[in-house]
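Heads up, the thing below is written out as structure tokens.
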Amino acid sequence: MKNKRFEGSFVALVTPMREDGSVNLEKLRELVNWHVEQGTDGIVALGTTGESSTLSHEEDDEVARCVIETVNGRIPVIVGAGSNCTQTQLEKGRRYQDMGADGLLLIAPYYNKANDEGMYRHFATVADAVDTPILLYNVPGRTGCAISEACVRRLSRHPNIAGIKEASGNIAYAARIARLVGDGFCMLSGNDDAIVPILSLGGSGVISVWANICPKQVHELVDAWRTGDAGRAKAIQLRYLDLIDALFCEVNPIPVKEAMNQLGMDVGGYRLPLCEISPAGRERVRRALEVCR
């Protein structure tokens with residue numbers, strides 16, 4: 001399983017909600033089919049953008065099962081199984097493996113954090129217990145802790161750890177991690193404003209918030225780079241940079257859900273503590289979406 005390489009544009013899929021705040025599985029199926037039709041290379045369910053932190057375990061399972069069954073093997077599905085409780089992460093990882101996930105996204109242990117040995121065991125415990133390839137998720141802005149380069153190096157040697165979603169925003173850190181990239185370990189950008197820089201360091205793709213509204217463009221950007229057209233990849237990155245910035249003008253996924261709703265995609269609202277976007281944010285998103293029209 002280690003040799004399974006994750007490449008291309010993976011959408012960090014939103015979780016659509018009904019007016020009463022419940023998960024809208026019908027809309028979720030619609031979004032999944034739309035992404036397959038639009039050329040998205042893979043789907044990440046139950047990540048940060050999917051509001052997994054405010055879903056119940058039962059809802060997590062419903063979303064994961066819905067996405068996996070709707071995709072039906074057409075493209076890879078990575079499911080976020082992360083938790084700051086290693087045992088919970090292990091239990092989720094086993095369930096999503098049984099459902100047929102193609103990969104598991106595991107986050108660094110937020111709030112309680114860990115020293116390097118604890119960080120290593122947090123990931124290795126799950127990797128030892130499942131066969132599904134694992135992506136590490138480094139996002140210190142969310143978790144309050146980073147996965148050190150030394151820890152990533154150790155984990156990259158594990159036969160079931162296939163890569164890392166690098167979302168630190170620190171290009172120097174990404175460059176050091178890039179030295180570990182090879183046939184058995186990949187790096188995907190976790191920041192839409194840094195897709196080309198990560199690709200230039202040997203990255204294989206992106207887990208993208210932006211792809212929720214521009215799946216063709218994100219796929220085209222990564223595909224252009226992979227086929228040797230660096231100029232085209234750069235042009236797409238720069239053309240959509242203001243939109244990408246607008247999608248993070250408030251905490252994710254507030255702006256991207258607002259953008260989707262403005263485009264008529266009807267993905268609904270949020271779970272508290274997330275709430276509707278500010279008037280200034282709404283107007284910024286509206287202006288930025290002009291590039292899509």
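Order determines the names: the first chain of the structure tokens is A, the second B, and so forth; residues in each chain are numbered 1 upward, and ligands are numbered 1 upward as they are shown.
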Using only C-alpha atoms, which protein or nucleic acid residues come within 8 Å of region 215-227 of chain A? Drop anything in the same chain fewer than 5 positions from it, and give the result as a PyMOL selection string.
chain A and resi 8-9+11+35+38-41+195-196+199+205-206+208+210+232-234+236-237
Would you export the selected residues with C-alpha atoms as an mmCIF file, in the first residue's frame, please?
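Generated file (out39.cif):
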```cif
data_model
loop_
_atom_site.group_PDB
_atom_site.id
_atom_site.type_symbol
_atom_site.label_atom_id
_atom_site.label_comp_id
_atom_site.auth_asym_id
_atom_site.auth_seq_id
_atom_site.Cartn_x
_atom_site.Cartn_y
_atom_site.Cartn_z
ATOM 1 C CA GLY A 8 -3.453 15.817 -8.613
ATOM 2 C CA SER A 9 -6.202 18.027 -7.236
ATOM 3 C CA VAL A 11 -10.917 18.746 -3.054
ATOM 4 C CA HIS A 35 -16.529 16.790 -8.771
ATOM 5 C CA GLN A 38 -15.468 18.226 -13.395
ATOM 6 C CA GLY A 39 -12.184 16.316 -13.347
ATOM 7 C CA THR A 40 -11.292 16.494 -9.664
ATOM 8 C CA ASP A 41 -8.621 13.869 -9.055
ATOM 9 C CA ILE A 195 0.347 25.073 -4.971
ATOM 10 C CA VAL A 196 3.008 25.980 -7.532
ATOM 11 C CA LEU A 199 4.893 21.425 -6.816
ATOM 12 C CA GLY A 205 -0.665 17.850 -5.851
ATOM 13 C CA VAL A 206 -2.934 19.760 -3.502
ATOM 14 C CA SER A 208 -7.714 22.256 -2.009
ATOM 15 C CA TRP A 210 -10.503 26.505 -3.740
ATOM 16 C CA ARG A 232 0.500 27.732 -17.557
ATOM 17 C CA ALA A 233 0.496 26.494 -13.960
ATOM 18 C CA LYS A 234 1.938 29.794 -12.765
ATOM 19 C CA ILE A 236 -3.528 29.941 -13.229
ATOM 20 C CA GLN A 237 -2.101 30.305 -9.724
#
```
If DSSP is run on the backbone, what residues of region 56-254 of chain A are alpha helix (DSSP H)? A reply as a PDB file with C-alpha atoms, in the first residue's frame would be ideal.
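out_30.pdb, written as the output of this step:
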```pdb
ATOM      1  CA  HIS A  57     -19.150  10.324  15.355  1.00  0.00           C
ATOM      2  CA  GLU A  58     -22.373   9.017  13.822  1.00  0.00           C
ATOM      3  CA  GLU A  59     -22.454  11.916  11.365  1.00  0.00           C
ATOM      4  CA  ASP A  60     -18.786  11.362  10.549  1.00  0.00           C
ATOM      5  CA  ASP A  61     -19.641   7.795   9.595  1.00  0.00           C
ATOM      6  CA  GLU A  62     -22.633   8.896   7.508  1.00  0.00           C
ATOM      7  CA  VAL A  63     -20.534  11.414   5.564  1.00  0.00           C
ATOM      8  CA  ALA A  64     -17.667   8.984   4.997  1.00  0.00           C
ATOM      9  CA  ARG A  65     -19.998   6.194   3.861  1.00  0.00           C
ATOM     10  CA  CYS A  66     -21.953   8.555   1.577  1.00  0.00           C
ATOM     11  CA  VAL A  67     -18.827   9.864  -0.148  1.00  0.00           C
ATOM     12  CA  ILE A  68     -17.189   6.453  -0.561  1.00  0.00           C
ATOM     13  CA  GLU A  69     -20.358   4.813  -1.891  1.00  0.00           C
ATOM     14  CA  THR A  70     -21.163   7.701  -4.248  1.00  0.00           C
ATOM     15  CA  VAL A  71     -17.656   7.794  -5.685  1.00  0.00           C
ATOM     16  CA  THR A  86      -4.894   8.502  19.517  1.00  0.00           C
ATOM     17  CA  GLN A  87      -7.367   5.755  20.441  1.00  0.00           C
ATOM     18  CA  THR A  88     -10.245   7.652  18.829  1.00  0.00           C
ATOM     19  CA  GLN A  89      -8.118   8.185  15.731  1.00  0.00           C
ATOM     20  CA  LEU A  90      -7.363   4.463  15.620  1.00  0.00           C
ATOM     21  CA  GLU A  91     -11.036   3.503  15.913  1.00  0.00           C
ATOM     22  CA  LYS A  92     -12.035   5.943  13.180  1.00  0.00           C
ATOM     23  CA  GLY A  93      -9.233   4.757  10.926  1.00  0.00           C
ATOM     24  CA  ARG A  94     -10.369   1.148  11.230  1.00  0.00           C
ATOM     25  CA  ARG A  95     -14.001   2.080  10.489  1.00  0.00           C
ATOM     26  CA  TYR A  96     -13.147   4.118   7.399  1.00  0.00           C
ATOM     27  CA  GLN A  97     -10.843   1.378   6.151  1.00  0.00           C
ATOM     28  CA  ASP A  98     -13.725  -1.091   6.466  1.00  0.00           C
ATOM     29  CA  MET A  99     -15.935   1.332   4.490  1.00  0.00           C
ATOM     30  CA  ASP A 116       8.549  14.086  19.322  1.00  0.00           C
ATOM     31  CA  GLU A 117       8.211  10.530  20.597  1.00  0.00           C
ATOM     32  CA  GLY A 118       4.549  10.988  21.462  1.00  0.00           C
ATOM     33  CA  MET A 119       3.950  12.599  18.079  1.00  0.00           C
ATOM     34  CA  TYR A 120       5.592   9.637  16.354  1.00  0.00           C
ATOM     35  CA  ARG A 121       3.512   7.098  18.299  1.00  0.00           C
ATOM     36  CA  HIS A 122       0.313   9.082  17.646  1.00  0.00           C
ATOM     37  CA  PHE A 123       0.654   8.347  13.928  1.00  0.00           C
ATOM     38  CA  ALA A 124       2.513   5.040  14.053  1.00  0.00           C
ATOM     39  CA  THR A 125      -0.131   3.443  16.287  1.00  0.00           C
ATOM     40  CA  VAL A 126      -2.715   3.840  13.536  1.00  0.00           C
ATOM     41  CA  ALA A 127      -0.284   3.018  10.733  1.00  0.00           C
ATOM     42  CA  ASP A 128       0.581  -0.261  12.476  1.00  0.00           C
ATOM     43  CA  ALA A 129      -3.082  -1.234  12.776  1.00  0.00           C
ATOM     44  CA  PRO A 140       0.318  24.187  13.132  1.00  0.00           C
ATOM     45  CA  GLY A 141      -1.912  27.246  12.710  1.00  0.00           C
ATOM     46  CA  ARG A 142      -4.850  25.015  13.648  1.00  0.00           C
ATOM     47  CA  THR A 143      -3.257  22.548  16.041  1.00  0.00           C
ATOM     48  CA  GLU A 149      11.197  17.338  10.327  1.00  0.00           C
ATOM     49  CA  ALA A 150      12.860  14.576  12.366  1.00  0.00           C
ATOM     50  CA  CYS A 151       9.485  13.053  13.201  1.00  0.00           C
ATOM     51  CA  VAL A 152       8.342  13.194   9.569  1.00  0.00           C
ATOM     52  CA  ARG A 153      11.598  11.505   8.560  1.00  0.00           C
ATOM     53  CA  ARG A 154      10.939   8.621  10.954  1.00  0.00           C
ATOM     54  CA  LEU A 155       7.326   8.317   9.866  1.00  0.00           C
ATOM     55  CA  SER A 156       8.209   8.448   6.162  1.00  0.00           C
ATOM     56  CA  ILE A 171       8.207  27.182   2.558  1.00  0.00           C
ATOM     57  CA  ALA A 172      11.538  26.523   4.309  1.00  0.00           C
ATOM     58  CA  TYR A 173       9.933  23.682   6.276  1.00  0.00           C
ATOM     59  CA  ALA A 174       8.351  22.363   3.078  1.00  0.00           C
ATOM     60  CA  ALA A 175      11.743  22.404   1.367  1.00  0.00           C
ATOM     61  CA  ARG A 176      13.246  20.293   4.128  1.00  0.00           C
ATOM     62  CA  ILE A 177      10.345  17.838   3.963  1.00  0.00           C
ATOM     63  CA  ALA A 178      10.772  17.712   0.164  1.00  0.00           C
ATOM     64  CA  ILE A 195       0.347  25.073  -4.971  1.00  0.00           C
ATOM     65  CA  VAL A 196       3.008  25.980  -7.532  1.00  0.00           C
ATOM     66  CA  PRO A 197       5.749  26.476  -4.897  1.00  0.00           C
ATOM     67  CA  ILE A 198       4.998  23.059  -3.381  1.00  0.00           C
ATOM     68  CA  LEU A 199       4.893  21.425  -6.816  1.00  0.00           C
ATOM     69  CA  SER A 200       8.252  23.017  -7.617  1.00  0.00           C
ATOM     70  CA  PRO A 215     -12.432  22.175  -9.686  1.00  0.00           C
ATOM     71  CA  LYS A 216     -11.470  22.379 -13.370  1.00  0.00           C
ATOM     72  CA  GLN A 217      -8.993  25.175 -12.785  1.00  0.00           C
ATOM     73  CA  VAL A 218      -7.258  23.476  -9.861  1.00  0.00           C
ATOM     74  CA  HIS A 219      -7.019  20.222 -11.804  1.00  0.00           C
ATOM     75  CA  GLU A 220      -5.669  22.120 -14.804  1.00  0.00           C
ATOM     76  CA  LEU A 221      -3.046  23.890 -12.688  1.00  0.00           C
ATOM     77  CA  VAL A 222      -1.644  20.661 -11.274  1.00  0.00           C
ATOM     78  CA  ASP A 223      -1.905  18.863 -14.611  1.00  0.00           C
ATOM     79  CA  ALA A 224      -0.075  21.699 -16.392  1.00  0.00           C
ATOM     80  CA  TRP A 225       2.818  21.451 -13.960  1.00  0.00           C
ATOM     81  CA  ARG A 226       2.971  17.668 -14.176  1.00  0.00           C
ATOM     82  CA  ALA A 230       5.144  25.508 -15.692  1.00  0.00           C
ATOM     83  CA  GLY A 231       4.137  28.798 -17.306  1.00  0.00           C
ATOM     84  CA  ARG A 232       0.500  27.732 -17.557  1.00  0.00           C
ATOM     85  CA  ALA A 233       0.496  26.494 -13.960  1.00  0.00           C
ATOM     86  CA  LYS A 234       1.938  29.794 -12.765  1.00  0.00           C
ATOM     87  CA  ALA A 235      -0.582  31.785 -14.779  1.00  0.00           C
ATOM     88  CA  ILE A 236      -3.528  29.941 -13.229  1.00  0.00           C
ATOM     89  CA  GLN A 237      -2.101  30.305  -9.724  1.00  0.00           C
ATOM     90  CA  LEU A 238      -1.658  34.051 -10.120  1.00  0.00           C
ATOM     91  CA  ARG A 239      -4.953  34.668 -11.931  1.00  0.00           C
ATOM     92  CA  LEU A 241      -4.824  34.510  -6.185  1.00  0.00           C
ATOM     93  CA  ASP A 242      -7.277  37.241  -5.124  1.00  0.00           C
ATOM     94  CA  LEU A 243     -10.093  34.675  -5.046  1.00  0.00           C
ATOM     95  CA  ILE A 244      -7.953  32.285  -3.020  1.00  0.00           C
ATOM     96  CA  ASP A 245      -7.169  35.064  -0.552  1.00  0.00           C
ATOM     97  CA  ALA A 246     -10.887  35.902  -0.278  1.00  0.00           C
ATOM     98  CA  ILE A 254     -16.986  30.191   6.288  1.00  0.00           C
TER      99      ILE A 254
END
```
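Candidate residues A:Val267, A:Val285, A:Leu274, A:Ala211 were compared for distance to Lys27 (chain A), and the nearest is A:Val267, using only C-alpha atoms.
Considering the residues A:Trp34, A:Arg284, A:Ile213, A:Arg293 and counting only C-alpha atoms, Asn261 (chain A) has its shortest atom-to-atom contact with A:Ile213.
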Would you pick out the contacts of Val209 (chain A) at 12 Å or less, using only C-alpha atoms, so that residues sharing its chain but fewer than 4 positions from it are not included, and give the list as a ChimeraX atom specification?
/A:9-14,43-45,47-50,167,189-193,195,213-215,218,243-248,251-257,259-260
Export, as a short mmCIF file (atom, residue, chain, number, x, y, z; two decimals), in the first residue's frame, the selected residues with C-alpha atoms.
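Output file selection10.cif is given in full below:
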```cif
data_model
loop_
_atom_site.label_atom_id
_atom_site.label_comp_id
_atom_site.auth_asym_id
_atom_site.auth_seq_id
_atom_site.Cartn_x
_atom_site.Cartn_y
_atom_site.Cartn_z
CA SER A 9 -6.20 18.03 -7.24
CA PHE A 10 -7.99 16.63 -4.20
CA VAL A 11 -10.92 18.75 -3.05
CA ALA A 12 -11.21 19.36 0.67
CA LEU A 13 -14.94 18.86 0.45
CA VAL A 14 -17.41 20.96 2.44
CA ILE A 43 -11.92 13.80 -2.62
CA VAL A 44 -11.00 14.46 0.99
CA ALA A 45 -13.99 14.09 3.30
CA GLY A 47 -11.25 17.46 6.92
CA THR A 48 -11.11 20.97 8.36
CA THR A 49 -13.23 22.27 5.47
CA GLY A 50 -15.77 19.54 6.13
CA ALA A 167 -0.20 23.30 5.41
CA SER A 189 0.09 21.33 -0.64
CA GLY A 190 -2.45 22.20 2.03
CA ASN A 191 -2.47 25.86 1.02
CA ASP A 192 -4.12 27.02 -2.19
CA ASP A 193 -1.87 30.07 -2.48
CA ILE A 195 0.35 25.07 -4.97
CA ILE A 213 -15.75 26.24 -6.54
CA CYS A 214 -13.13 25.91 -9.29
CA PRO A 215 -12.43 22.18 -9.69
CA VAL A 218 -7.26 23.48 -9.86
CA LEU A 243 -10.09 34.67 -5.05
CA ILE A 244 -7.95 32.28 -3.02
CA ASP A 245 -7.17 35.06 -0.55
CA ALA A 246 -10.89 35.90 -0.28
CA LEU A 247 -11.67 32.27 0.53
CA PHE A 248 -9.57 32.70 3.68
CA VAL A 251 -11.89 31.21 9.21
CA ASN A 252 -12.29 28.30 6.79
CA PRO A 253 -14.87 27.07 5.71
CA ILE A 254 -16.99 30.19 6.29
CA PRO A 255 -15.89 32.04 3.11
CA VAL A 256 -15.91 29.02 0.79
CA LYS A 257 -19.42 28.02 1.83
CA ALA A 259 -18.90 31.56 -2.17
CA MET A 260 -20.66 28.31 -3.03
#
```
Taking 6 positions as the minimum chain separation for residues in the same chain, which residues sit within 12 Å of Asp20 (chain A) when counting only C-alpha atoms? Answer as a PDB file with C-alpha atoms, in the first residue's frame.
```pdb
ATOM      1  CA  GLY A 268     -26.231  25.745   3.631  1.00  0.00           C
ATOM      2  CA  GLY A 269     -24.737  27.125   6.792  1.00  0.00           C
ATOM      3  CA  TYR A 270     -22.393  26.131   9.578  1.00  0.00           C
ATOM      4  CA  ARG A 271     -22.168  24.518  12.978  1.00  0.00           C
TER       5      ARG A 271
END
```
What is the distance between CA of Ala288 (chain A) and CA of Glu37 (chain A), in Å to one decimal?
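Calculated distance between CA of Ala288 (chain A) and CA of Glu37 (chain A) is 24.6 Å.
Relative to CA of Arg282 (chain A), CA of Gly21 (chain A) is found at 20.5 Å.
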Quick one: of A:Ser52, A:Thr132, A:Ser22, A:Asn160, who's nearest to Ile78 (chain A), counting only C-alpha atoms?
A:Thr132
Work out how far CA of Gly203 (chain A) is from CA of Gly82 (chain A), in Å to one decimal.
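Interatomic distance, CA of Gly82 (chain A) to CA of Gly203 (chain A): 22.2 Å.
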Can you tell me, as a ChimeraX atom specification, which residues in region 56-277 of chain A count as strand (DSSP E or B) by DSSP?
/A:77-80,103-107,134-138,161-166,182,185-189,205-208
Expected file: the selected residues, N, CA and C atoms, as a PDB file, in the first residue's frame:
```pdb
ATOM      1  N   VAL A  77     -10.693   8.357  -2.547  1.00  0.00           N
ATOM      2  CA  VAL A  77     -11.323   9.066  -1.435  1.00  0.00           C
ATOM      3  C   VAL A  77     -10.420   8.943  -0.211  1.00  0.00           C
ATOM      4  N   ILE A  78     -10.010  10.088   0.307  1.00  0.00           N
ATOM      5  CA  ILE A  78      -9.261  10.155   1.554  1.00  0.00           C
ATOM      6  C   ILE A  78     -10.223  10.651   2.625  1.00  0.00           C
ATOM      7  N   VAL A  79     -10.238   9.988   3.762  1.00  0.00           N
ATOM      8  CA  VAL A  79     -11.150  10.374   4.830  1.00  0.00           C
ATOM      9  C   VAL A  79     -10.346  10.861   6.034  1.00  0.00           C
ATOM     10  N   GLY A  80     -10.739  12.010   6.566  1.00  0.00           N
ATOM     11  CA  GLY A  80     -10.103  12.526   7.764  1.00  0.00           C
ATOM     12  C   GLY A  80     -10.508  11.705   8.979  1.00  0.00           C
ATOM     13  N   GLY A 103      -7.537   6.283   1.492  1.00  0.00           N
ATOM     14  CA  GLY A 103      -6.493   6.882   2.303  1.00  0.00           C
ATOM     15  C   GLY A 103      -7.100   7.459   3.569  1.00  0.00           C
ATOM     16  N   LEU A 104      -6.255   7.657   4.580  1.00  0.00           N
ATOM     17  CA  LEU A 104      -6.671   8.266   5.842  1.00  0.00           C
ATOM     18  C   LEU A 104      -5.818   9.504   6.084  1.00  0.00           C
ATOM     19  N   LEU A 105      -6.457  10.611   6.437  1.00  0.00           N
ATOM     20  CA  LEU A 105      -5.757  11.846   6.768  1.00  0.00           C
ATOM     21  C   LEU A 105      -5.738  11.977   8.285  1.00  0.00           C
ATOM     22  N   LEU A 106      -4.521  11.998   8.862  1.00  0.00           N
ATOM     23  CA  LEU A 106      -4.366  12.025  10.317  1.00  0.00           C
ATOM     24  C   LEU A 106      -3.661  13.310  10.741  1.00  0.00           C
ATOM     25  N   ILE A 107      -4.276  14.036  11.653  1.00  0.00           N
ATOM     26  CA  ILE A 107      -3.773  15.342  12.072  1.00  0.00           C
ATOM     27  C   ILE A 107      -2.880  15.221  13.303  1.00  0.00           C
ATOM     28  N   ILE A 134      -1.739   6.188   4.748  1.00  0.00           N
ATOM     29  CA  ILE A 134      -1.956   7.321   5.639  1.00  0.00           C
ATOM     30  C   ILE A 134      -1.223   8.547   5.125  1.00  0.00           C
ATOM     31  N   LEU A 135      -1.927   9.708   5.192  1.00  0.00           N
ATOM     32  CA  LEU A 135      -1.303  11.007   4.972  1.00  0.00           C
ATOM     33  C   LEU A 135      -1.233  11.734   6.306  1.00  0.00           C
ATOM     34  N   LEU A 136      -0.063  12.200   6.667  1.00  0.00           N
ATOM     35  CA  LEU A 136       0.086  13.060   7.824  1.00  0.00           C
ATOM     36  C   LEU A 136      -0.480  14.438   7.475  1.00  0.00           C
ATOM     37  N   TYR A 137      -0.941  15.163   8.476  1.00  0.00           N
ATOM     38  CA  TYR A 137      -1.512  16.490   8.246  1.00  0.00           C
ATOM     39  C   TYR A 137      -0.820  17.470   9.174  1.00  0.00           C
ATOM     40  N   ASN A 138       0.034  18.302   8.590  1.00  0.00           N
ATOM     41  CA  ASN A 138       0.784  19.299   9.353  1.00  0.00           C
ATOM     42  C   ASN A 138       0.155  20.668   9.156  1.00  0.00           C
ATOM     43  N   ILE A 161       2.788   4.700   5.727  1.00  0.00           N
ATOM     44  CA  ILE A 161       2.624   6.156   5.707  1.00  0.00           C
ATOM     45  C   ILE A 161       3.094   6.670   4.358  1.00  0.00           C
ATOM     46  N   ALA A 162       2.126   7.164   3.581  1.00  0.00           N
ATOM     47  CA  ALA A 162       2.351   7.440   2.159  1.00  0.00           C
ATOM     48  C   ALA A 162       2.705   8.881   1.851  1.00  0.00           C
ATOM     49  N   GLY A 163       2.536   9.801   2.818  1.00  0.00           N
ATOM     50  CA  GLY A 163       2.854  11.185   2.498  1.00  0.00           C
ATOM     51  C   GLY A 163       2.372  12.149   3.555  1.00  0.00           C
ATOM     52  N   ILE A 164       2.404  13.430   3.196  1.00  0.00           N
ATOM     53  CA  ILE A 164       2.038  14.495   4.121  1.00  0.00           C
ATOM     54  C   ILE A 164       1.260  15.583   3.402  1.00  0.00           C
ATOM     55  N   LYS A 165       0.232  16.076   4.051  1.00  0.00           N
ATOM     56  CA  LYS A 165      -0.429  17.308   3.629  1.00  0.00           C
ATOM     57  C   LYS A 165       0.264  18.432   4.379  1.00  0.00           C
ATOM     58  N   GLU A 166       1.004  19.246   3.657  1.00  0.00           N
ATOM     59  CA  GLU A 166       1.822  20.290   4.263  1.00  0.00           C
ATOM     60  C   GLU A 166       1.084  21.625   4.194  1.00  0.00           C
ATOM     61  N   GLY A 182       9.707  10.739  -2.427  1.00  0.00           N
ATOM     62  CA  GLY A 182      10.209   9.725  -3.353  1.00  0.00           C
ATOM     63  C   GLY A 182       9.077   8.813  -3.753  1.00  0.00           C
ATOM     64  N   PHE A 185       6.814   8.155  -0.619  1.00  0.00           N
ATOM     65  CA  PHE A 185       6.363   9.238   0.252  1.00  0.00           C
ATOM     66  C   PHE A 185       6.142  10.486  -0.584  1.00  0.00           C
ATOM     67  N   CYS A 186       4.940  11.052  -0.482  1.00  0.00           N
ATOM     68  CA  CYS A 186       4.602  12.224  -1.297  1.00  0.00           C
ATOM     69  C   CYS A 186       4.256  13.409  -0.405  1.00  0.00           C
ATOM     70  N   MET A 187       4.235  14.581  -1.014  1.00  0.00           N
ATOM     71  CA  MET A 187       3.847  15.799  -0.315  1.00  0.00           C
ATOM     72  C   MET A 187       2.783  16.511  -1.145  1.00  0.00           C
ATOM     73  N   LEU A 188       1.671  16.854  -0.488  1.00  0.00           N
ATOM     74  CA  LEU A 188       0.626  17.630  -1.137  1.00  0.00           C
ATOM     75  C   LEU A 188       0.504  18.980  -0.442  1.00  0.00           C
ATOM     76  N   SER A 189       0.283  20.017  -1.219  1.00  0.00           N
ATOM     77  CA  SER A 189       0.085  21.334  -0.635  1.00  0.00           C
ATOM     78  C   SER A 189      -1.236  21.370   0.111  1.00  0.00           C
ATOM     79  N   GLY A 205       0.669  17.309  -5.660  1.00  0.00           N
ATOM     80  CA  GLY A 205      -0.665  17.850  -5.851  1.00  0.00           C
ATOM     81  C   GLY A 205      -1.080  18.740  -4.706  1.00  0.00           C
ATOM     82  N   VAL A 206      -2.386  18.862  -4.505  1.00  0.00           N
ATOM     83  CA  VAL A 206      -2.934  19.760  -3.502  1.00  0.00           C
ATOM     84  C   VAL A 206      -4.206  19.156  -2.914  1.00  0.00           C
ATOM     85  N   ILE A 207      -4.432  19.426  -1.634  1.00  0.00           N
ATOM     86  CA  ILE A 207      -5.736  19.205  -1.010  1.00  0.00           C
ATOM     87  C   ILE A 207      -6.340  20.591  -0.865  1.00  0.00           C
ATOM     88  N   SER A 208      -7.337  20.887  -1.689  1.00  0.00           N
ATOM     89  CA  SER A 208      -7.714  22.256  -2.009  1.00  0.00           C
ATOM     90  C   SER A 208      -9.097  22.659  -1.518  1.00  0.00           C
TER      91      SER A 208
END
```
